[in-house]
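What follows is a short report on a single structure.
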Amino acid sequence: IQDSALNYLAKQGTAYDVVFLDPPFHQGMLANTLQLLENNQWLAEGCYIYIEEEVNAQVYSLPENWRLHREKIAGQVAYRLYIRNLSA
């Protein structure tokens, strides 16, 4: 793939069961990435979404059908695991 992640995710996707997100810190890319994943069918029902981000990251809204499953903070990094549920 020779494209930026955001350009690639803007296309219609294939649903995945597990997605790992570790965007560059302090770039503000996570909010757009989450919306593109949700809106372009990249996530299967019951999909696990793992996100690593800086502890003091920008505030962003999650899709309503995502549920926080686990969370941990180590130093300046927050680790979160969400589960996507279409029936939410």
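Here, A, B, ... name the chains of the structure tokens in the order displayed, residue numbers run from 1 inside each chain, and ligands are numbered from 1 in the same displayed order.
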- Write out as a list of chain:residue names each polymer residue whose atoms come within 9 Å of Leu81 (chain A), counting only C-alpha atoms; drop sequence neighbours fewer than 6 positions from it.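 Using only C-alpha atoms, the neighbours found are A:Tyr48, A:Ile49, A:Tyr50, A:Ile51, A:Glu52, A:Arg67, A:Leu68, A:His69, A:Arg70, A:Glu71.
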- Contact residues around Asn56 (chain A) with only C-alpha atoms at 10 Å, ignoring same-chain residues under 4 positions, as a ChimeraX atom specification: /A:25-26,76-78
- Message: When you look at Leu37 (chain A) with a cut-off of 10 Å (counting only C-alpha atoms), what residues show up, excluding the ones that are within fewer than 3 positions of it in the same chain? I need them as an MDAnalysis selection string.
- Response: chainID A and resid 6 9:13 15:16 19 32:34 40:43
Given the selection you just returned, output its residues as a file containing N, CA and C atoms, formatted as a CSV table (one decimal), in the first residue's frame.
chain,number,residue,atom,x,y,z
A,6,LEU,N,-5.0,7.5,6.4
A,6,LEU,CA,-6.3,8.2,6.3
A,6,LEU,C,-6.9,8.1,4.9
A,9,LEU,N,-8.1,4.4,4.4
A,9,LEU,CA,-9.3,4.1,5.2
A,9,LEU,C,-10.5,4.8,4.7
A,10,ALA,N,-10.3,5.8,3.9
A,10,ALA,CA,-11.5,6.6,3.3
A,10,ALA,C,-12.2,5.8,2.3
A,11,LYS,N,-11.6,4.7,1.8
A,11,LYS,CA,-12.2,3.8,0.8
A,11,LYS,C,-13.0,2.8,1.5
A,12,GLN,N,-13.9,2.2,0.7
A,12,GLN,CA,-14.7,1.1,1.3
A,12,GLN,C,-13.8,-0.1,1.7
A,13,GLY,N,-14.1,-0.6,2.9
A,13,GLY,CA,-13.2,-1.6,3.5
A,13,GLY,C,-13.8,-3.0,3.5
A,15,ALA,N,-14.4,-6.0,6.3
A,15,ALA,CA,-14.5,-6.0,7.7
A,15,ALA,C,-13.5,-6.9,8.4
A,16,TYR,N,-12.9,-6.4,9.4
A,16,TYR,CA,-11.9,-7.2,10.2
A,16,TYR,C,-12.4,-7.5,11.6
A,19,VAL,N,-8.5,-5.0,15.2
A,19,VAL,CA,-7.8,-3.8,14.6
A,19,VAL,C,-6.9,-3.3,15.7
A,32,ASN,N,-10.2,11.0,13.4
A,32,ASN,CA,-10.5,10.8,12.0
A,32,ASN,C,-10.4,9.3,11.7
A,33,THR,N,-9.4,8.6,12.2
A,33,THR,CA,-9.2,7.2,12.0
A,33,THR,C,-10.4,6.4,12.5
A,34,LEU,N,-10.9,6.7,13.7
A,34,LEU,CA,-12.0,6.0,14.3
A,34,LEU,C,-13.3,6.1,13.4
A,40,ASN,N,-16.8,3.2,7.0
A,40,ASN,CA,-16.4,2.6,5.7
A,40,ASN,C,-16.3,1.1,5.8
A,41,GLN,N,-17.0,0.5,6.8
A,41,GLN,CA,-17.2,-1.0,6.9
A,41,GLN,C,-15.9,-1.7,7.1
A,42,TRP,N,-14.9,-1.2,7.8
A,42,TRP,CA,-13.7,-1.8,8.1
A,42,TRP,C,-13.8,-2.8,9.3
A,43,LEU,N,-14.9,-2.6,10.1
A,43,LEU,CA,-15.0,-3.4,11.4
A,43,LEU,C,-16.2,-4.3,11.3
- Message: Quick check for you: according to DSSP on this backbone, which residues of region 14-73 of chain A are classed as helix (DSSP H, G or I)? Reply as a ChimeraX atom specification.
- Response: /A:30-39
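Take CA of Asn65 (chain A) and CA of Met29 (chain A): the distance between them is 20.4 Å.
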- Which of region 8-70 of chain A DSSP labels strand (DSSP E), written as a PyMOL selection string: chain A and resi 16-21+43-54+66-70
- Given the choices A:Phe20, A:Tyr60, A:Tyr82, A:Tyr8, which gets closest to Leu36 (chain A) if the distance is worked out from only C-alpha atoms?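 Using only C-alpha atoms, the shortest distance to Leu36 (chain A) belongs to A:Tyr8.
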- Pick out the closest residue to Ala44 (chain A) from this set: A:Ile83, A:Ser61, A:Asp17, A:Ile1. Count only C-alpha atoms.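 Answer, going by the shortest atom-to-atom distance: A:Asp17.
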- Can you work out the spacing between CA of Gln58 (chain A) and CA of Ile73 (chain A) in Å, to one decimal?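 About the pair CA of Gln58 (chain A) and CA of Ile73 (chain A): they are 15.9 Å apart.
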- Interatomic distance, CA of Leu21 (chain A) to CA of Leu62 (chain A) (Å, one decimal): 13.8 Å
- Message: I need the residue nearest Leu86 (chain A) from this list: A:Glu38, A:Val59, A:Ala31, A:Glu45. Use only C-alpha atoms for the distance.
- Response: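 Of all the options, A:Glu45 lies closest to Leu86 (chain A).
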